[in-house]
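Structure first, commentary second.
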Amino acid sequence: MRLTVNGASREIPEDCRVADLVATLTEARRGVAVAVNGEVVPRSAWAAAGLRDGDRVEVLTAAQGG
């Protein structure tokens, strides 16, 4: 299926969950936030949160510095 992830089109497997997608995008386990179609997905729901063809996903990671 095809998603838009951080503004770019991306092909992913049909059974992909939010947790799977995050794992492919970043090794960070802290400081990561995810929104699907404009709705924040709590980290506790990532493993169960499925994705559907056409979803818009934003994966954000915190950065340190100043």
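So you can find residues: chains in the structure tokens are A, B, ... in the order shown, residues in each start at 1, and ligands are numbered from 1 in order.
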
For this session: Would you mind writing down, as an NGL selection string, each residue of chain A that DSSP on the backbone assigns to helix (DSSP H, G or I)?
Result: :A and (18-25 or 43-45)

Exercise. Could you name the residues that touch Thr24 (chain A) at 12 Å or less, counting only C-alpha atoms, but leaving out those on the same chain fewer than 6 positions away, as a ChimeraX atom specification?
Worked result: /A:5,10,12-13,16-18,59

Take the residues that were just selected and, keeping all heavy atoms, output them as a compact mmCIF listing (two decimals), in the first residue's frame.
# COMPACT_ATOMS: atom_id res chain seq x y z
N VAL A 5 4.48 9.79 3.88
CA VAL A 5 5.20 9.85 5.15
C VAL A 5 6.11 11.07 5.13
O VAL A 5 6.99 11.18 4.27
CB VAL A 5 6.03 8.57 5.37
CG1 VAL A 5 6.79 8.64 6.69
CG2 VAL A 5 5.14 7.33 5.31
N ARG A 10 5.47 6.72 -0.03
CA ARG A 10 6.24 5.56 0.41
C ARG A 10 5.38 4.31 0.27
O ARG A 10 4.21 4.31 0.64
CB ARG A 10 6.66 5.76 1.86
CG ARG A 10 7.56 4.69 2.39
CD ARG A 10 7.98 5.08 3.81
NE ARG A 10 9.02 4.21 4.27
CZ ARG A 10 10.30 4.50 4.30
NH1 ARG A 10 10.72 5.68 3.89
NH2 ARG A 10 11.18 3.64 4.75
N ILE A 12 4.59 0.55 1.50
CA ILE A 12 4.81 -0.30 2.67
C ILE A 12 3.95 -1.55 2.56
O ILE A 12 2.98 -1.58 1.81
CB ILE A 12 4.49 0.45 3.99
CG1 ILE A 12 3.00 0.80 4.07
CG2 ILE A 12 5.35 1.68 4.15
CD1 ILE A 12 2.55 1.20 5.43
N PRO A 13 4.27 -2.60 3.33
CA PRO A 13 3.46 -3.82 3.30
C PRO A 13 2.04 -3.58 3.81
O PRO A 13 1.81 -2.69 4.63
CB PRO A 13 4.21 -4.77 4.25
CG PRO A 13 5.57 -4.21 4.37
CD PRO A 13 5.45 -2.73 4.17
N CYS A 16 1.31 -3.44 7.78
CA CYS A 16 2.20 -2.57 8.54
C CYS A 16 1.44 -1.83 9.64
O CYS A 16 0.33 -1.32 9.41
CB CYS A 16 2.88 -1.58 7.60
SG CYS A 16 4.21 -0.66 8.35
N ARG A 17 2.03 -1.76 10.80
CA ARG A 17 1.50 -1.01 11.95
C ARG A 17 2.38 0.22 12.15
O ARG A 17 3.50 0.31 11.63
CB ARG A 17 1.54 -1.86 13.22
CG ARG A 17 0.82 -3.18 13.10
CD ARG A 17 -0.61 -3.00 13.44
NE ARG A 17 -1.32 -4.27 13.34
CZ ARG A 17 -2.58 -4.34 13.03
NH1 ARG A 17 -3.25 -3.24 12.78
NH2 ARG A 17 -3.20 -5.49 12.96
N VAL A 18 1.90 1.17 12.93
CA VAL A 18 2.67 2.38 13.21
C VAL A 18 4.04 2.03 13.78
O VAL A 18 5.06 2.58 13.36
CB VAL A 18 1.89 3.32 14.15
CG1 VAL A 18 2.79 4.45 14.66
CG2 VAL A 18 0.67 3.90 13.44
N VAL A 59 6.08 11.59 11.16
CA VAL A 59 6.93 11.03 12.21
C VAL A 59 7.96 12.09 12.56
O VAL A 59 8.75 12.50 11.71
CB VAL A 59 7.61 9.73 11.75
CG1 VAL A 59 8.49 9.18 12.87
CG2 VAL A 59 6.57 8.69 11.34

For this session: Compile the contact shell of Glu11 (chain A) as a PyMOL selection string: residues with an atom at most 10 Å away, counting only C-alpha atoms, same-chain residues fewer than 4 positions apart removed.
Result: chain A and resi 1-5+53

Problem set entry | Spatial neighbours of region 40-45 of chain A, max dist 12 Å, only C-alpha atoms, sep filter under 5 positions, as a VMD selection string | chain A and resid 17 to 19 22 29 to 35 50 to 51 56 to 60

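With distances restricted to only C-alpha atoms, A:Ala28 is the closest residue to Ala62 (chain A) from A:Ser9, A:Asp15, A:Asp20, A:Ala28.
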
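Distances here use only C-alpha atoms; by that measure, the residue among A:Gln64, A:Gly7, A:Thr26, A:Leu21 closest to Ala47 (chain A) is A:Leu21.
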
Please extract the residues of chain A with a backbone DSSP assignment of strand (DSSP E or B) and present them as a compact mmCIF listing (two decimals) with all heavy atoms, in the first residue's frame.
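This went into states17.txt:
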# COMPACT_ATOMS: atom_id res chain seq x y z
N ARG A 2 0.32 2.35 -0.39
CA ARG A 2 1.07 3.59 -0.51
C ARG A 2 0.59 4.61 0.53
O ARG A 2 -0.61 4.84 0.67
CB ARG A 2 0.91 4.16 -1.92
CG ARG A 2 1.79 5.37 -2.14
CD ARG A 2 1.98 5.68 -3.60
NE ARG A 2 2.69 4.66 -4.35
CZ ARG A 2 4.02 4.50 -4.33
NH1 ARG A 2 4.76 5.27 -3.59
NH2 ARG A 2 4.60 3.59 -5.07
N LEU A 3 1.58 5.18 1.24
CA LEU A 3 1.31 6.22 2.24
C LEU A 3 2.08 7.47 1.86
O LEU A 3 3.03 7.42 1.08
CB LEU A 3 1.81 5.79 3.63
CG LEU A 3 1.35 4.50 4.23
CD1 LEU A 3 2.03 4.30 5.58
CD2 LEU A 3 -0.14 4.49 4.41
N THR A 4 1.72 8.57 2.49
CA THR A 4 2.54 9.77 2.44
C THR A 4 3.16 9.90 3.82
O THR A 4 2.45 10.06 4.81
CB THR A 4 1.70 11.01 2.10
OG1 THR A 4 1.08 10.81 0.83
CG2 THR A 4 2.57 12.26 2.05
N VAL A 5 4.48 9.79 3.88
CA VAL A 5 5.20 9.85 5.15
C VAL A 5 6.11 11.07 5.13
O VAL A 5 6.99 11.18 4.27
CB VAL A 5 6.03 8.57 5.37
CG1 VAL A 5 6.79 8.64 6.69
CG2 VAL A 5 5.14 7.33 5.31
N ALA A 8 6.47 12.63 1.74
CA ALA A 8 6.97 11.83 0.62
C ALA A 8 6.17 10.55 0.47
O ALA A 8 5.80 9.92 1.46
CB ALA A 8 8.45 11.50 0.83
N SER A 9 5.91 10.16 -0.76
CA SER A 9 5.20 8.92 -1.02
C SER A 9 6.09 7.74 -0.66
O SER A 9 7.29 7.75 -0.91
CB SER A 9 4.82 8.86 -2.50
OG SER A 9 4.07 7.72 -2.77
N ARG A 10 5.47 6.72 -0.03
CA ARG A 10 6.24 5.56 0.41
C ARG A 10 5.38 4.31 0.27
O ARG A 10 4.21 4.31 0.64
CB ARG A 10 6.66 5.76 1.86
CG ARG A 10 7.56 4.69 2.39
CD ARG A 10 7.98 5.08 3.81
NE ARG A 10 9.02 4.21 4.27
CZ ARG A 10 10.30 4.50 4.30
NH1 ARG A 10 10.72 5.68 3.89
NH2 ARG A 10 11.18 3.64 4.75
N GLU A 11 5.96 3.25 -0.24
CA GLU A 11 5.27 1.96 -0.39
C GLU A 11 5.62 1.11 0.84
O GLU A 11 6.80 0.97 1.19
CB GLU A 11 5.76 1.26 -1.65
CG GLU A 11 4.95 0.07 -2.05
CD GLU A 11 3.58 0.42 -2.62
OE1 GLU A 11 3.42 1.50 -3.22
OE2 GLU A 11 2.67 -0.40 -2.46
N ARG A 17 2.03 -1.76 10.80
CA ARG A 17 1.50 -1.01 11.95
C ARG A 17 2.38 0.22 12.15
O ARG A 17 3.50 0.31 11.63
CB ARG A 17 1.54 -1.86 13.22
CG ARG A 17 0.82 -3.18 13.10
CD ARG A 17 -0.61 -3.00 13.44
NE ARG A 17 -1.32 -4.27 13.34
CZ ARG A 17 -2.58 -4.34 13.03
NH1 ARG A 17 -3.25 -3.24 12.78
NH2 ARG A 17 -3.20 -5.49 12.96
N VAL A 32 10.13 10.53 19.97
CA VAL A 32 9.47 10.33 18.68
C VAL A 32 7.97 10.53 18.86
O VAL A 32 7.38 10.01 19.81
CB VAL A 32 9.75 8.90 18.12
CG1 VAL A 32 9.03 8.69 16.80
CG2 VAL A 32 11.24 8.68 17.96
N ALA A 33 7.37 11.26 17.95
CA ALA A 33 5.92 11.47 17.96
C ALA A 33 5.38 11.12 16.57
O ALA A 33 6.05 11.34 15.57
CB ALA A 33 5.58 12.91 18.30
N VAL A 34 4.16 10.56 16.55
CA VAL A 34 3.56 10.13 15.29
C VAL A 34 2.13 10.67 15.20
O VAL A 34 1.37 10.60 16.18
CB VAL A 34 3.53 8.59 15.17
CG1 VAL A 34 2.86 8.17 13.88
CG2 VAL A 34 4.93 8.02 15.26
N ALA A 35 1.77 11.16 14.02
CA ALA A 35 0.39 11.55 13.74
C ALA A 35 -0.03 10.87 12.45
O ALA A 35 0.75 10.81 11.49
CB ALA A 35 0.27 13.06 13.60
N VAL A 36 -1.23 10.32 12.44
CA VAL A 36 -1.79 9.71 11.24
C VAL A 36 -3.03 10.49 10.86
O VAL A 36 -3.96 10.64 11.68
CB VAL A 36 -2.15 8.22 11.48
CG1 VAL A 36 -2.79 7.61 10.25
CG2 VAL A 36 -0.89 7.42 11.87
N GLU A 39 -4.05 13.13 13.38
CA GLU A 39 -4.37 12.71 14.75
C GLU A 39 -3.15 12.07 15.39
O GLU A 39 -2.59 11.11 14.85
CB GLU A 39 -5.52 11.70 14.76
CG GLU A 39 -6.84 12.25 14.25
CD GLU A 39 -7.46 13.25 15.21
OE1 GLU A 39 -7.30 13.08 16.45
OE2 GLU A 39 -8.08 14.21 14.73
N VAL A 40 -2.74 12.58 16.56
CA VAL A 40 -1.60 12.02 17.26
C VAL A 40 -1.93 10.59 17.70
O VAL A 40 -3.02 10.32 18.19
CB VAL A 40 -1.23 12.88 18.48
CG1 VAL A 40 -0.14 12.22 19.32
CG2 VAL A 40 -0.78 14.26 18.03
N VAL A 41 -0.97 9.69 17.50
CA VAL A 41 -1.12 8.30 17.93
C VAL A 41 -0.23 8.12 19.16
O VAL A 41 1.00 8.23 19.04
CB VAL A 41 -0.70 7.31 16.83
CG1 VAL A 41 -0.85 5.87 17.30
CG2 VAL A 41 -1.50 7.55 15.56
N GLY A 50 -3.05 0.17 13.07
CA GLY A 50 -2.82 -0.20 11.68
C GLY A 50 -2.83 1.02 10.78
O GLY A 50 -3.30 2.09 11.15
N ARG A 56 -1.89 9.68 5.60
CA ARG A 56 -0.83 10.69 5.70
C ARG A 56 -0.21 10.56 7.09
O ARG A 56 -0.90 10.72 8.08
CB ARG A 56 -1.40 12.09 5.51
CG ARG A 56 -1.87 12.37 4.10
CD ARG A 56 -2.58 13.71 3.99
NE ARG A 56 -3.85 13.67 4.72
CZ ARG A 56 -4.11 14.32 5.85
NH1 ARG A 56 -3.21 15.12 6.40
NH2 ARG A 56 -5.27 14.20 6.46
N VAL A 57 1.07 10.26 7.14
CA VAL A 57 1.75 10.01 8.41
C VAL A 57 2.88 11.01 8.59
O VAL A 57 3.64 11.27 7.67
CB VAL A 57 2.33 8.57 8.45
CG1 VAL A 57 2.99 8.29 9.78
CG2 VAL A 57 1.25 7.53 8.15
N GLU A 58 2.96 11.58 9.78
CA GLU A 58 4.06 12.45 10.15
C GLU A 58 4.79 11.80 11.31
O GLU A 58 4.16 11.42 12.30
CB GLU A 58 3.56 13.84 10.58
CG GLU A 58 2.85 14.61 9.48
CD GLU A 58 3.76 15.00 8.34
OE1 GLU A 58 4.95 15.27 8.58
OE2 GLU A 58 3.28 15.00 7.19
N VAL A 59 6.08 11.59 11.16
CA VAL A 59 6.93 11.03 12.21
C VAL A 59 7.96 12.09 12.56
O VAL A 59 8.75 12.50 11.71
CB VAL A 59 7.61 9.73 11.75
CG1 VAL A 59 8.49 9.18 12.87
CG2 VAL A 59 6.57 8.69 11.34
N LEU A 60 7.91 12.56 13.79
CA LEU A 60 8.78 13.63 14.23
C LEU A 60 9.72 13.13 15.32
O LEU A 60 9.29 12.37 16.19
CB LEU A 60 7.95 14.79 14.78
CG LEU A 60 6.87 15.33 13.85
CD1 LEU A 60 5.98 16.29 14.59
CD2 LEU A 60 7.50 16.00 12.66
N THR A 61 10.96 13.56 15.28
CA THR A 61 11.91 13.22 16.32
C THR A 61 12.45 14.51 16.93
O THR A 61 12.68 15.50 16.22
CB THR A 61 13.10 12.38 15.80
OG1 THR A 61 13.71 13.07 14.72
CG2 THR A 61 12.63 11.02 15.31
